[in-house]
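Q: I am attaching a structure below and will ask some questions about it afterwards.
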Amino acid sequence: MNVTVKYFAVCHEMLDRSEEEMDLPDGATVRTILQRLEEEWPEIAEFYEVMQMAVNWEYATENTELTEGDEVALIPPVTGGCDV
Amino acid sequence: MNVTVKYFAVCHEMLDRSEEEMDLPDGATVRTILQRLEEEWPEIAEFYEVMQMAVNWEYATENTELTEGDEVALIPPVTGGCDV
Amino acid sequence: MFKITTEVITGAEVREAVEGPDAGAVVLFFGTVRNNTDGRQVKHLEYESYPPMAEKKMAEIAQEVSEKWGLDRVAMIHRVGKLEIGEVSVAVAVASPHRKDAFEACKYAMDRLKQIVPIWKREVWADGEAEWVKPDAVFFDAPDMRKTPQ
Amino acid sequence: MFKITTEVITGAEVREAVEGPDAGAVVLFFGTVRNNTDGRQVKHLEYESYPPMAEKKMAEIAQEVSEKWGLDRVAMIHRVGKLEIGEVSVAVAVASPHRKDAFEACKYAMDRLKQIVPIWKREVWADGEAEWVKPDAVFFDAPDMRKTPQ
C-alpha cells in the first residue's frame with residue numbers, strides 16, 4: 001500500500017525533503033515508517049521521546065496501523081503561538 | 001468661599017441640574033453641602049450608604065474641609081464598563 | 001492612554017498605545033452593549049461620566065497594575081453618550097513580556113474600572129422606560145463616604 | 001474561525017468571528033514577535049505549520065472551551081512564513097456573556113494552542129544564525145508517541 005509521509009521543521013531540515021510517498025507492506029504500522037527512516041537517519045531515535053506522529057491529522061502511536069492512502073506526519077515538538 | 005458642586009446620573013436627575021456654585025462659610029466641609037441639599041431633597045440621606053463624594057477629583061469623606069475654588073462632586077454608585 | 005470619548009471605540013487606540021517590540025503578549029478586553037439585561041429587551045444605553053476624575057482614576061488603576069505586575073503598558077478608553085446594541089462601551093489593553101501577566105492585569109484593570117471610575121449607565125428599555133443602573137450588591141464595594149475614603 | 005494564514009493578522013478577523021448582540025464581553029489575545037529572546041537579538045522569525053491538522057486541532061480546542069465554559073464563540077488564527085519584529089503571529093478571540101469566563105477561556109485556548117497545534121518557529125538571529133526553537137522543558141507536555149496519544 002501507498003502512504004504519504006510528511007516532514008516538518010527540524011525533520012524537514014534533517015531529511016532534506018518535506019514529504020514523500022512510501023510503499024509499505026500490508027499490516028504496516030507507524031513503526032514501519034520509523035524503521036525505514038532509521039536506516040537513513042539513525043539519530044532520529046534520539047527524537048522519539050519528544051516527537052509525535054500523526055495519521056490523517058490525528059496524533060497516533062507507533063502501533064497505529066496504516067491503510068492505503070493514509071497521510072502520516074512526523075511532528076517535532078510544537079512551538080507555535082508566541083514565546084511568552 | 002465659593003465652591004462648584006457637580007451632580008451626576010441619578011443625583012443630576014433628582015436635583016434637575018448638573019452643577020452649581022455654592023457660597024459657603026469658612027471652615028465648611030463636605031457635610032455642609034449635604035446639609036444644604038437635605039433642605040431641598042430630604043431623601044438624599046437614603047443615598048448616603050452607597051453614595052460617595054469627591055473633592056477635586058479625589059474621593060473624600062463628609063469631614064473633608066473645603067477651600068475656595070474647590071470642585072466637589074456627588075458620586076452615585078458607579079456602573080461603568082460593561083454589565084458582565 | 002486613559003480616555004473618555006464620545007467617538008466609536010475601534011480598539012486600535014488602546015492597542016497602539018501599549019504595543020512595542022519588547023512586549024510579546026497583548027490582551028484586549030472589549031465590553032459591548034447587549035440586547036438584553038436579565039431577559040429584558042434593551043433599546044440602547046446612555047453613559048454619563050465625570051471625565052477629569054474618570055481619567056485620573058484610570059491612571060491610578062494603571063499605577064496599581066504597575067505596582068502589582070511591573071507593567072507600564074496599560075490603556076483604557078470608555079465611551080459616553082448614546083450607545084446602540086453591539087457597540088463597544090469600554091476597551092482595556094495591556095501589553096506584557098508574559099501572557100499570563102497580560103491576562104491577569106487586563107482582568108484586574110477592568111474589575112477596578114467598574115469599582116472606582118466615575119461612569120454611570122442608564123438603560124433605555126424597548127418599552128420606552130429608562131433608569132440609571134444600580135450596581136449589583138455583590139460587586140458593589142465602594143465604601144460608605146462617612147468612613148475612610150478609597 | 002480556525003485558520004492558518006500567510007497574511008497580516010489585524011485582529012478584526014477573529015473579533016468579527018465571535019462578536020454578537022448577546023455577548024457582552026470579548027477578550028482578544030495577540031502574540032507578537034519580540035526583538036529578543038533571552039537577550040539575544042532576533043532579526044526575524046519564520047513559522048511553519050501543518051495547516052489541515054493545525055486547523056483541526058484549533059477546532060478541537062474550541063470544543064474543549066465549549067465543554068468547560070459553555071462558550072461556542074472562539075476564533076483562532078496563526079500566521080506562517082516570515083514575520084518581522086512587532087508583527088502579530090497569533091490572535092485568539094473569545095466572546096462570552098461574562099467577562100471572567102472570556103478571560104479564562106481565552107487564556108486556556110492560547111495555552112492549548114502552544115501544546116497541541118502543529119506549528120513550528122525558527123528564529124533567525126541578528127548574527128545570521130538560525131534554529132528551530134525547542135520548547136521550554138517546563139511547558140512541554142506532549143506525550144511520548146510510544147505511549148497513549150493525546
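Just remember, in the C-alpha cells the first chain shown is A, the second B, etc., residues are 1-based per chain, and ligands are 1-based in the order shown.
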Please give chain C as a CSV table (one decimal) with N, CA and C atoms, in the first residue's frame, after it has been superposed on chain D by least squares over all Cα atoms paired in order.
A:
chain,number,residue,atom,x,y,z
C,1,MET,N,-13.9,30.4,13.7
C,1,MET,CA,-12.9,30.6,12.6
C,1,MET,C,-11.6,30.1,13.2
C,2,PHE,N,-11.0,29.1,12.4
C,2,PHE,CA,-9.7,28.5,12.8
C,2,PHE,C,-8.9,28.5,11.6
C,3,LYS,N,-7.8,29.2,11.6
C,3,LYS,CA,-7.1,29.5,10.3
C,3,LYS,C,-5.6,29.7,10.4
C,4,ILE,N,-4.9,29.1,9.5
C,4,ILE,CA,-3.5,29.3,9.3
C,4,ILE,C,-3.4,30.3,8.1
C,5,THR,N,-2.7,31.3,8.2
C,5,THR,CA,-2.6,32.3,7.1
C,5,THR,C,-1.2,32.8,6.8
C,6,THR,N,-1.0,33.3,5.6
C,6,THR,CA,0.3,34.0,5.4
C,6,THR,C,0.1,35.5,5.4
C,7,GLU,N,-1.1,35.9,5.6
C,7,GLU,CA,-1.4,37.4,5.6
C,7,GLU,C,-1.2,38.0,6.9
C,8,VAL,N,-1.1,39.3,6.9
C,8,VAL,CA,-1.0,40.1,8.2
C,8,VAL,C,-2.3,39.9,9.0
C,9,ILE,N,-2.1,39.7,10.3
C,9,ILE,CA,-3.2,39.5,11.2
C,9,ILE,C,-3.6,40.8,11.8
C,10,THR,N,-4.9,41.2,11.6
C,10,THR,CA,-5.3,42.6,12.1
C,10,THR,C,-6.0,42.4,13.4
C,11,GLY,N,-6.6,41.3,13.7
C,11,GLY,CA,-7.4,41.1,14.9
C,11,GLY,C,-8.9,41.2,14.5
C,12,ALA,N,-9.2,41.9,13.4
C,12,ALA,CA,-10.6,42.1,13.1
C,12,ALA,C,-11.2,40.7,12.7
C,13,GLU,N,-10.4,39.9,12.0
C,13,GLU,CA,-10.9,38.6,11.6
C,13,GLU,C,-11.5,37.8,12.8
C,14,VAL,N,-10.7,37.7,13.8
C,14,VAL,CA,-11.1,36.8,14.9
C,14,VAL,C,-12.2,37.6,15.7
C,15,ARG,N,-12.1,38.9,15.8
C,15,ARG,CA,-13.1,39.6,16.6
C,15,ARG,C,-14.5,39.5,16.0
C,16,GLU,N,-14.5,39.8,14.7
C,16,GLU,CA,-15.8,39.7,13.9
C,16,GLU,C,-16.4,38.3,14.0
C,17,ALA,N,-15.5,37.3,14.1
C,17,ALA,CA,-16.0,35.9,14.1
C,17,ALA,C,-16.7,35.5,15.4
C,18,VAL,N,-16.4,36.3,16.5
C,18,VAL,CA,-17.0,35.9,17.8
C,18,VAL,C,-18.1,36.9,18.3
C,19,GLU,N,-18.1,38.1,17.7
C,19,GLU,CA,-19.0,39.1,18.2
C,19,GLU,C,-20.5,38.8,18.0
C,20,GLY,N,-21.3,39.3,18.9
C,20,GLY,CA,-22.8,39.1,18.7
C,20,GLY,C,-23.5,40.0,19.7
C,21,PRO,N,-24.8,40.2,19.5
C,21,PRO,CA,-25.5,41.1,20.3
C,21,PRO,C,-25.8,40.6,21.8
C,22,ASP,N,-25.5,39.3,22.0
C,22,ASP,CA,-25.8,38.8,23.3
C,22,ASP,C,-24.5,38.5,24.1
C,23,ALA,N,-23.4,38.8,23.5
C,23,ALA,CA,-22.1,38.6,24.2
C,23,ALA,C,-21.5,39.9,24.6
C,24,GLY,N,-21.6,40.2,25.9
C,24,GLY,CA,-21.2,41.5,26.5
C,24,GLY,C,-19.7,41.6,26.6
C,25,ALA,N,-18.9,40.5,26.6
C,25,ALA,CA,-17.5,40.6,26.8
C,25,ALA,C,-16.7,39.9,25.7
C,26,VAL,N,-15.7,40.6,25.2
C,26,VAL,CA,-14.9,39.9,24.2
C,26,VAL,C,-13.4,40.1,24.7
C,27,VAL,N,-12.7,39.0,24.7
C,27,VAL,CA,-11.3,39.1,25.1
C,27,VAL,C,-10.4,38.6,23.9
C,28,LEU,N,-9.4,39.5,23.5
C,28,LEU,CA,-8.5,39.2,22.4
C,28,LEU,C,-7.1,39.0,22.9
C,29,PHE,N,-6.5,38.0,22.4
C,29,PHE,CA,-5.0,37.9,22.7
C,29,PHE,C,-4.2,38.0,21.4
C,30,PHE,N,-3.2,38.8,21.5
C,30,PHE,CA,-2.2,38.9,20.4
C,30,PHE,C,-0.9,38.4,20.8
C,31,GLY,N,-0.2,37.5,20.1
C,31,GLY,CA,1.2,37.2,20.3
C,31,GLY,C,1.9,37.9,19.2
C,32,THR,N,3.0,38.7,19.6
C,32,THR,CA,3.8,39.4,18.6
C,32,THR,C,5.2,39.0,18.7
C,33,VAL,N,5.9,39.3,17.6
C,33,VAL,CA,7.3,39.0,17.5
C,33,VAL,C,8.2,39.9,18.3
C,34,ARG,N,8.9,39.4,19.3
C,34,ARG,CA,9.8,40.3,20.1
C,34,ARG,C,11.1,40.5,19.5
C,35,ASN,N,11.8,41.6,19.8
C,35,ASN,CA,13.1,41.9,19.2
C,35,ASN,C,14.2,41.1,19.9
C,36,ASN,N,13.9,40.3,20.9
C,36,ASN,CA,15.0,39.4,21.5
C,36,ASN,C,14.4,38.2,22.2
C,37,THR,N,15.2,37.2,22.3
C,37,THR,CA,14.8,36.0,23.1
C,37,THR,C,16.0,35.8,24.1
C,38,ASP,N,15.6,35.8,25.3
C,38,ASP,CA,16.6,35.7,26.4
C,38,ASP,C,17.8,36.6,26.1
C,39,GLY,N,17.5,37.8,25.7
C,39,GLY,CA,18.6,38.8,25.5
C,39,GLY,C,19.3,38.7,24.1
C,40,ARG,N,19.1,37.6,23.4
C,40,ARG,CA,19.8,37.6,22.0
C,40,ARG,C,18.9,38.2,21.0
C,41,GLN,N,19.5,39.1,20.2
C,41,GLN,CA,18.8,39.9,19.2
C,41,GLN,C,18.2,39.1,18.1
C,42,VAL,N,16.9,39.2,17.9
C,42,VAL,CA,16.2,38.5,16.8
C,42,VAL,C,16.1,39.4,15.6
C,43,LYS,N,16.4,38.8,14.4
C,43,LYS,CA,16.3,39.6,13.1
C,43,LYS,C,14.8,39.4,12.6
C,44,HIS,N,14.4,38.2,12.5
C,44,HIS,CA,13.0,37.9,12.2
C,44,HIS,C,12.7,36.5,12.6
C,45,LEU,N,11.4,36.1,12.4
C,45,LEU,CA,11.0,34.7,12.7
C,45,LEU,C,10.4,34.1,11.4
C,46,GLU,N,10.5,32.8,11.4
C,46,GLU,CA,9.8,32.0,10.4
C,46,GLU,C,8.9,31.0,11.0
C,47,TYR,N,7.7,30.9,10.7
C,47,TYR,CA,6.8,29.9,11.2
C,47,TYR,C,6.4,29.0,10.1
C,48,GLU,N,6.4,27.7,10.4
C,48,GLU,CA,5.9,26.6,9.5
C,48,GLU,C,4.8,25.9,10.2
C,49,SER,N,3.8,25.4,9.4
C,49,SER,CA,2.8,24.7,10.1
C,49,SER,C,2.3,23.5,9.2
C,50,TYR,N,1.5,22.7,9.8
C,50,TYR,CA,0.8,21.6,9.0
C,50,TYR,C,-0.7,22.0,9.0
C,51,PRO,N,-1.0,22.8,8.0
C,51,PRO,CA,-2.3,23.6,8.1
C,51,PRO,C,-3.6,22.7,8.4
C,52,PRO,N,-3.8,21.6,7.6
C,52,PRO,CA,-5.1,20.9,7.9
C,52,PRO,C,-5.2,20.4,9.3
C,53,MET,N,-4.0,19.9,9.8
C,53,MET,CA,-4.1,19.3,11.2
C,53,MET,C,-4.1,20.5,12.2
C,54,ALA,N,-3.4,21.6,11.9
C,54,ALA,CA,-3.4,22.7,12.8
C,54,ALA,C,-4.9,23.3,12.9
C,55,GLU,N,-5.6,23.4,11.8
C,55,GLU,CA,-6.9,24.0,11.9
C,55,GLU,C,-7.9,23.0,12.6
C,56,LYS,N,-7.6,21.7,12.4
C,56,LYS,CA,-8.4,20.7,13.1
C,56,LYS,C,-8.2,20.7,14.6
C,57,LYS,N,-6.9,20.9,15.0
C,57,LYS,CA,-6.6,21.0,16.4
C,57,LYS,C,-7.2,22.2,17.1
C,58,MET,N,-7.2,23.3,16.3
C,58,MET,CA,-7.8,24.6,16.8
C,58,MET,C,-9.2,24.4,17.1
C,59,ALA,N,-9.9,23.7,16.2
C,59,ALA,CA,-11.3,23.4,16.3
C,59,ALA,C,-11.6,22.5,17.5
C,60,GLU,N,-10.6,21.6,17.8
C,60,GLU,CA,-10.8,20.7,19.0
C,60,GLU,C,-10.6,21.5,20.3
C,61,ILE,N,-9.7,22.5,20.2
C,61,ILE,CA,-9.6,23.4,21.4
C,61,ILE,C,-10.9,24.2,21.7
C,62,ALA,N,-11.5,24.7,20.6
C,62,ALA,CA,-12.7,25.4,20.7
C,62,ALA,C,-13.8,24.4,21.3
C,63,GLN,N,-13.7,23.2,21.0
C,63,GLN,CA,-14.7,22.2,21.5
C,63,GLN,C,-14.4,22.0,23.0
C,64,GLU,N,-13.2,22.0,23.4
C,64,GLU,CA,-12.8,21.9,24.8
C,64,GLU,C,-13.4,23.1,25.6
C,65,VAL,N,-13.2,24.3,25.0
C,65,VAL,CA,-13.8,25.5,25.6
C,65,VAL,C,-15.3,25.4,25.8
C,66,SER,N,-15.9,24.9,24.7
C,66,SER,CA,-17.3,24.8,24.8
C,66,SER,C,-17.8,23.8,25.9
C,67,GLU,N,-17.0,22.8,26.1
C,67,GLU,CA,-17.3,21.8,27.2
C,67,GLU,C,-17.1,22.4,28.6
C,68,LYS,N,-16.0,23.2,28.7
C,68,LYS,CA,-15.6,23.7,30.0
C,68,LYS,C,-16.4,24.9,30.4
C,69,TRP,N,-16.7,25.9,29.5
C,69,TRP,CA,-17.3,27.1,29.8
C,69,TRP,C,-18.7,27.3,29.1
C,70,GLY,N,-19.1,26.4,28.3
C,70,GLY,CA,-20.3,26.5,27.6
C,70,GLY,C,-20.3,27.7,26.6
C,71,LEU,N,-19.1,28.0,26.1
C,71,LEU,CA,-19.0,29.1,25.1
C,71,LEU,C,-18.7,28.6,23.8
C,72,ASP,N,-19.4,29.0,22.8
C,72,ASP,CA,-19.1,28.5,21.4
C,72,ASP,C,-18.6,29.6,20.5
C,73,ARG,N,-18.2,30.7,21.1
C,73,ARG,CA,-17.6,31.8,20.3
C,73,ARG,C,-16.1,31.9,20.5
C,74,VAL,N,-15.4,31.1,19.8
C,74,VAL,CA,-13.9,31.1,19.9
C,74,VAL,C,-13.4,31.2,18.5
C,75,ALA,N,-12.4,32.0,18.3
C,75,ALA,CA,-11.7,32.1,17.0
C,75,ALA,C,-10.2,32.1,17.2
C,76,MET,N,-9.5,31.5,16.3
C,76,MET,CA,-8.0,31.4,16.4
C,76,MET,C,-7.4,31.6,15.0
C,77,ILE,N,-6.4,32.4,14.9
C,77,ILE,CA,-5.7,32.5,13.6
C,77,ILE,C,-4.2,32.6,13.9
C,78,HIS,N,-3.4,31.9,13.1
C,78,HIS,CA,-1.9,31.9,13.3
C,78,HIS,C,-1.3,32.1,11.9
C,79,ARG,N,-0.3,33.0,11.9
C,79,ARG,CA,0.4,33.4,10.7
C,79,ARG,C,1.6,32.5,10.5
C,80,VAL,N,1.9,32.2,9.3
C,80,VAL,CA,3.1,31.4,9.0
C,80,VAL,C,3.9,32.2,7.9
C,81,GLY,N,5.2,31.7,7.7
C,81,GLY,CA,6.1,32.4,6.8
C,81,GLY,C,7.0,33.3,7.6
C,82,LYS,N,7.5,34.3,6.9
C,82,LYS,CA,8.5,35.2,7.6
C,82,LYS,C,7.7,36.4,8.3
C,83,LEU,N,8.1,36.5,9.6
C,83,LEU,CA,7.4,37.6,10.3
C,83,LEU,C,8.5,38.6,10.9
C,84,GLU,N,8.2,39.9,10.8
C,84,GLU,CA,9.2,40.9,11.3
C,84,GLU,C,8.9,41.2,12.7
C,85,ILE,N,9.8,41.8,13.4
C,85,ILE,CA,9.7,42.3,14.7
C,85,ILE,C,8.4,43.1,14.9
C,86,GLY,N,7.6,42.8,15.9
C,86,GLY,CA,6.4,43.6,16.2
C,86,GLY,C,5.2,43.1,15.5
C,87,GLU,N,5.3,42.2,14.5
C,87,GLU,CA,4.2,41.7,13.8
C,87,GLU,C,3.5,40.6,14.6
C,88,VAL,N,2.2,40.5,14.4
C,88,VAL,CA,1.3,39.5,15.1
C,88,VAL,C,1.5,38.1,14.6
C,89,SER,N,1.9,37.2,15.4
C,89,SER,CA,2.0,35.8,14.9
C,89,SER,C,0.7,35.0,15.2
C,90,VAL,N,0.0,35.4,16.2
C,90,VAL,CA,-1.2,34.6,16.6
C,90,VAL,C,-2.2,35.5,17.2
C,91,ALA,N,-3.5,35.3,17.0
C,91,ALA,CA,-4.6,36.0,17.6
C,91,ALA,C,-5.7,35.0,18.0
C,92,VAL,N,-6.2,35.2,19.3
C,92,VAL,CA,-7.3,34.3,19.8
C,92,VAL,C,-8.3,35.3,20.3
C,93,ALA,N,-9.6,35.0,20.0
C,93,ALA,CA,-10.7,35.8,20.5
C,93,ALA,C,-11.8,34.9,21.1
C,94,VAL,N,-12.3,35.3,22.2
C,94,VAL,CA,-13.4,34.6,22.9
C,94,VAL,C,-14.4,35.6,23.3
C,95,ALA,N,-15.7,35.4,23.0
C,95,ALA,CA,-16.8,36.2,23.4
C,95,ALA,C,-17.6,35.4,24.4
C,96,SER,N,-18.1,36.1,25.4
C,96,SER,CA,-18.9,35.5,26.5
C,96,SER,C,-19.9,36.5,27.1
C,97,PRO,N,-21.0,35.9,27.6
C,97,PRO,CA,-21.9,36.8,28.4
C,97,PRO,C,-21.2,37.3,29.7
C,98,HIS,N,-20.1,36.6,30.1
C,98,HIS,CA,-19.5,37.0,31.4
C,98,HIS,C,-18.0,37.2,31.2
C,99,ARG,N,-17.4,38.3,31.7
C,99,ARG,CA,-16.0,38.7,31.3
C,99,ARG,C,-15.1,37.7,32.0
C,100,LYS,N,-15.4,37.2,33.2
C,100,LYS,CA,-14.4,36.3,33.8
C,100,LYS,C,-14.2,35.0,32.9
C,101,ASP,N,-15.3,34.5,32.4
C,101,ASP,CA,-15.2,33.3,31.5
C,101,ASP,C,-14.4,33.7,30.3
C,102,ALA,N,-14.6,34.9,29.7
C,102,ALA,CA,-13.9,35.2,28.5
C,102,ALA,C,-12.4,35.3,28.7
C,103,PHE,N,-12.0,35.9,29.8
C,103,PHE,CA,-10.6,35.9,30.2
C,103,PHE,C,-10.0,34.5,30.3
C,104,GLU,N,-10.7,33.7,31.1
C,104,GLU,CA,-10.2,32.3,31.4
C,104,GLU,C,-10.1,31.5,30.1
C,105,ALA,N,-11.2,31.5,29.4
C,105,ALA,CA,-11.3,30.7,28.2
C,105,ALA,C,-10.2,31.1,27.1
C,106,CYS,N,-10.0,32.4,27.0
C,106,CYS,CA,-9.0,32.9,26.0
C,106,CYS,C,-7.6,32.4,26.4
C,107,LYS,N,-7.3,32.5,27.7
C,107,LYS,CA,-6.0,32.1,28.2
C,107,LYS,C,-5.8,30.6,28.0
C,108,TYR,N,-6.9,29.9,28.3
C,108,TYR,CA,-6.9,28.4,28.1
C,108,TYR,C,-6.6,28.0,26.7
C,109,ALA,N,-7.3,28.7,25.8
C,109,ALA,CA,-7.2,28.4,24.3
C,109,ALA,C,-5.8,28.6,23.9
C,110,MET,N,-5.2,29.7,24.3
C,110,MET,CA,-3.8,30.1,23.9
C,110,MET,C,-2.8,29.0,24.5
C,111,ASP,N,-3.1,28.6,25.8
C,111,ASP,CA,-2.2,27.6,26.4
C,111,ASP,C,-2.2,26.3,25.6
C,112,ARG,N,-3.4,25.9,25.2
C,112,ARG,CA,-3.6,24.7,24.5
C,112,ARG,C,-3.0,24.8,23.1
C,113,LEU,N,-3.2,25.9,22.4
C,113,LEU,CA,-2.6,26.1,21.1
C,113,LEU,C,-1.1,25.8,21.1
C,114,LYS,N,-0.4,26.3,22.1
C,114,LYS,CA,1.0,26.1,22.2
C,114,LYS,C,1.3,24.6,22.5
C,115,GLN,N,0.4,23.9,23.0
C,115,GLN,CA,0.7,22.5,23.4
C,115,GLN,C,0.4,21.5,22.2
C,116,ILE,N,-0.7,21.7,21.5
C,116,ILE,CA,-1.1,20.6,20.6
C,116,ILE,C,-1.3,21.1,19.1
C,117,VAL,N,-1.1,22.3,18.8
C,117,VAL,CA,-1.3,22.7,17.4
C,117,VAL,C,0.0,22.7,16.7
C,118,PRO,N,0.1,21.9,15.6
C,118,PRO,CA,1.4,21.7,14.9
C,118,PRO,C,1.8,22.9,14.1
C,119,ILE,N,2.6,23.7,14.8
C,119,ILE,CA,3.2,24.9,14.2
C,119,ILE,C,4.6,25.0,14.8
C,120,TRP,N,5.5,25.4,14.0
C,120,TRP,CA,6.9,25.4,14.5
C,120,TRP,C,7.6,26.8,14.1
C,121,LYS,N,8.4,27.2,15.1
C,121,LYS,CA,9.1,28.5,14.9
C,121,LYS,C,10.6,28.4,14.7
C,122,ARG,N,11.1,29.1,13.8
C,122,ARG,CA,12.5,29.2,13.5
C,122,ARG,C,13.0,30.6,13.8
C,123,GLU,N,13.9,30.7,14.6
C,123,GLU,CA,14.4,32.0,15.0
C,123,GLU,C,15.7,32.3,14.1
C,124,VAL,N,15.6,33.5,13.5
C,124,VAL,CA,16.8,33.9,12.7
C,124,VAL,C,17.4,35.1,13.5
C,125,TRP,N,18.6,34.9,13.9
C,125,TRP,CA,19.2,35.9,14.8
C,125,TRP,C,19.9,37.0,14.0
C,126,ALA,N,20.1,38.1,14.7
C,126,ALA,CA,20.8,39.2,14.1
C,126,ALA,C,22.1,38.9,13.5
C,127,ASP,N,22.8,37.9,14.1
C,127,ASP,CA,24.1,37.5,13.6
C,127,ASP,C,24.1,36.5,12.4
C,128,GLY,N,22.8,36.3,11.9
C,128,GLY,CA,22.7,35.4,10.7
C,128,GLY,C,22.4,34.0,11.0
C,129,GLU,N,22.7,33.5,12.2
C,129,GLU,CA,22.4,32.1,12.5
C,129,GLU,C,20.9,31.9,12.6
C,130,ALA,N,20.5,30.7,12.5
C,130,ALA,CA,19.0,30.4,12.6
C,130,ALA,C,18.8,29.0,13.2
C,131,GLU,N,17.7,28.8,14.0
C,131,GLU,CA,17.5,27.5,14.5
C,131,GLU,C,16.0,27.3,14.8
C,132,TRP,N,15.6,26.0,14.7
C,132,TRP,CA,14.2,25.7,15.0
C,132,TRP,C,14.1,25.7,16.6
C,133,VAL,N,13.1,26.4,17.1
C,133,VAL,CA,13.0,26.5,18.5
C,133,VAL,C,12.6,25.2,19.2
C,134,LYS,N,13.3,24.9,20.3
C,134,LYS,CA,12.8,23.7,21.1
C,134,LYS,C,12.0,24.3,22.2
C,135,PRO,N,10.9,23.6,22.5
C,135,PRO,CA,10.0,24.1,23.6
C,135,PRO,C,10.7,24.0,24.9
C,136,ASP,N,10.4,25.0,25.7
C,136,ASP,CA,10.8,25.0,27.1
C,136,ASP,C,10.4,23.7,27.8
C,137,ALA,N,11.4,23.0,28.4
C,137,ALA,CA,11.1,21.7,29.1
C,137,ALA,C,9.9,21.8,30.0
C,138,VAL,N,9.9,22.9,30.7
C,138,VAL,CA,8.8,23.1,31.8
C,138,VAL,C,7.4,23.1,31.1
C,139,PHE,N,7.3,23.7,30.0
C,139,PHE,CA,6.0,23.8,29.4
C,139,PHE,C,5.7,22.6,28.4
C,140,PHE,N,6.7,21.8,28.2
C,140,PHE,CA,6.5,20.8,27.2
C,140,PHE,C,5.8,19.6,27.7
C,141,ASP,N,4.5,19.4,27.3
C,141,ASP,CA,3.8,18.2,27.9
C,141,ASP,C,3.3,17.3,26.9
C,142,ALA,N,3.8,17.4,25.7
C,142,ALA,CA,3.4,16.4,24.7
C,142,ALA,C,3.8,15.0,25.1
C,143,PRO,N,3.0,14.0,24.9
C,143,PRO,CA,3.4,12.7,25.4
C,143,PRO,C,4.4,12.0,24.5
C,144,ASP,N,5.1,11.1,25.0
C,144,ASP,CA,5.9,10.2,24.2
C,144,ASP,C,5.0,9.5,23.2
C,145,MET,N,5.4,9.5,22.0
C,145,MET,CA,4.5,8.9,21.0
C,145,MET,C,4.3,7.4,21.1
C,146,ARG,N,5.2,6.8,21.9
C,146,ARG,CA,5.1,5.3,22.1
C,146,ARG,C,4.1,5.0,23.1
C,147,LYS,N,3.6,6.0,23.9
C,147,LYS,CA,2.6,5.8,24.9
C,147,LYS,C,1.2,6.2,24.3
C,148,THR,N,0.4,6.6,25.2
C,148,THR,CA,-1.0,6.9,24.7
C,148,THR,C,-1.0,8.2,23.9
C,149,PRO,N,-1.7,8.3,22.8
C,149,PRO,CA,-1.8,9.6,22.1
C,149,PRO,C,-2.6,10.6,22.9
C,150,GLN,N,-2.3,11.9,22.6
C,150,GLN,CA,-3.1,12.9,23.2
C,150,GLN,C,-4.5,13.0,22.7
Q: Give me, as a list in words, the residues of chain B touching chain D, with the criterion being at most 9 Å (counting only C-alpha atoms).
A: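 In the required form, that comes to Cys82, Asp83 and Val84 of chain B.
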Q: Quick one: write out the picked residues with all heavy atoms as a PDB file, in the first residue's frame?
A:
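As a result, out_2.pdb now contains:
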ATOM      1  N   CYS B  82     -18.810  47.315  31.274  1.00  0.00           N
ATOM      2  CA  CYS B  82     -19.913  46.551  30.717  1.00  0.00           C
ATOM      3  C   CYS B  82     -20.630  45.933  31.905  1.00  0.00           C
ATOM      4  O   CYS B  82     -20.134  45.957  33.016  1.00  0.00           O
ATOM      5  CB  CYS B  82     -19.369  45.461  29.810  1.00  0.00           C
ATOM      6  SG  CYS B  82     -18.134  44.474  30.639  1.00  0.00           S
ATOM      7  N   ASP B  83     -21.803  45.382  31.675  1.00  0.00           N
ATOM      8  CA  ASP B  83     -22.551  44.829  32.811  1.00  0.00           C
ATOM      9  C   ASP B  83     -22.313  43.327  32.953  1.00  0.00           C
ATOM     10  O   ASP B  83     -23.169  42.603  33.441  1.00  0.00           O
ATOM     11  CB  ASP B  83     -24.045  45.126  32.667  1.00  0.00           C
ATOM     12  CG  ASP B  83     -24.597  44.590  31.377  1.00  0.00           C
ATOM     13  OD1 ASP B  83     -23.780  44.177  30.522  1.00  0.00           O
ATOM     14  OD2 ASP B  83     -25.815  44.565  31.207  1.00  0.00           O
ATOM     15  N   VAL B  84     -21.171  42.876  32.514  1.00  0.00           N
ATOM     16  CA  VAL B  84     -20.900  41.431  32.605  1.00  0.00           C
ATOM     17  C   VAL B  84     -19.575  41.168  33.303  1.00  0.00           C
ATOM     18  O   VAL B  84     -18.741  42.050  33.382  1.00  0.00           O
ATOM     19  CB  VAL B  84     -20.866  40.775  31.217  1.00  0.00           C
ATOM     20  CG1 VAL B  84     -22.207  40.917  30.572  1.00  0.00           C
ATOM     21  CG2 VAL B  84     -19.778  41.336  30.360  1.00  0.00           C
TER      22      VAL B  84
END
Q: Figure out the distance between atom CA of A:Glu43 and atom CA of A:Val10, please, to one decimal in Å.
A: 12.4 Å
Q: Applying 10 Å and only C-alpha atoms, which residues near stretch 21-36 of chain A remain after dropping the ones on its own chain fewer than 4 positions away? List them as a ChimeraX atom specification.
A: /A:1-6,40-42,44-45,48,53-55,60-69,71-74 /D:146
Q: Per DSSP on the backbone, filter stretch 1-149 of chain C down to the residues in alpha helix (DSSP H) and report them as an MDAnalysis selection string.
A: chainID C and resid 12:18 51:69 99:116
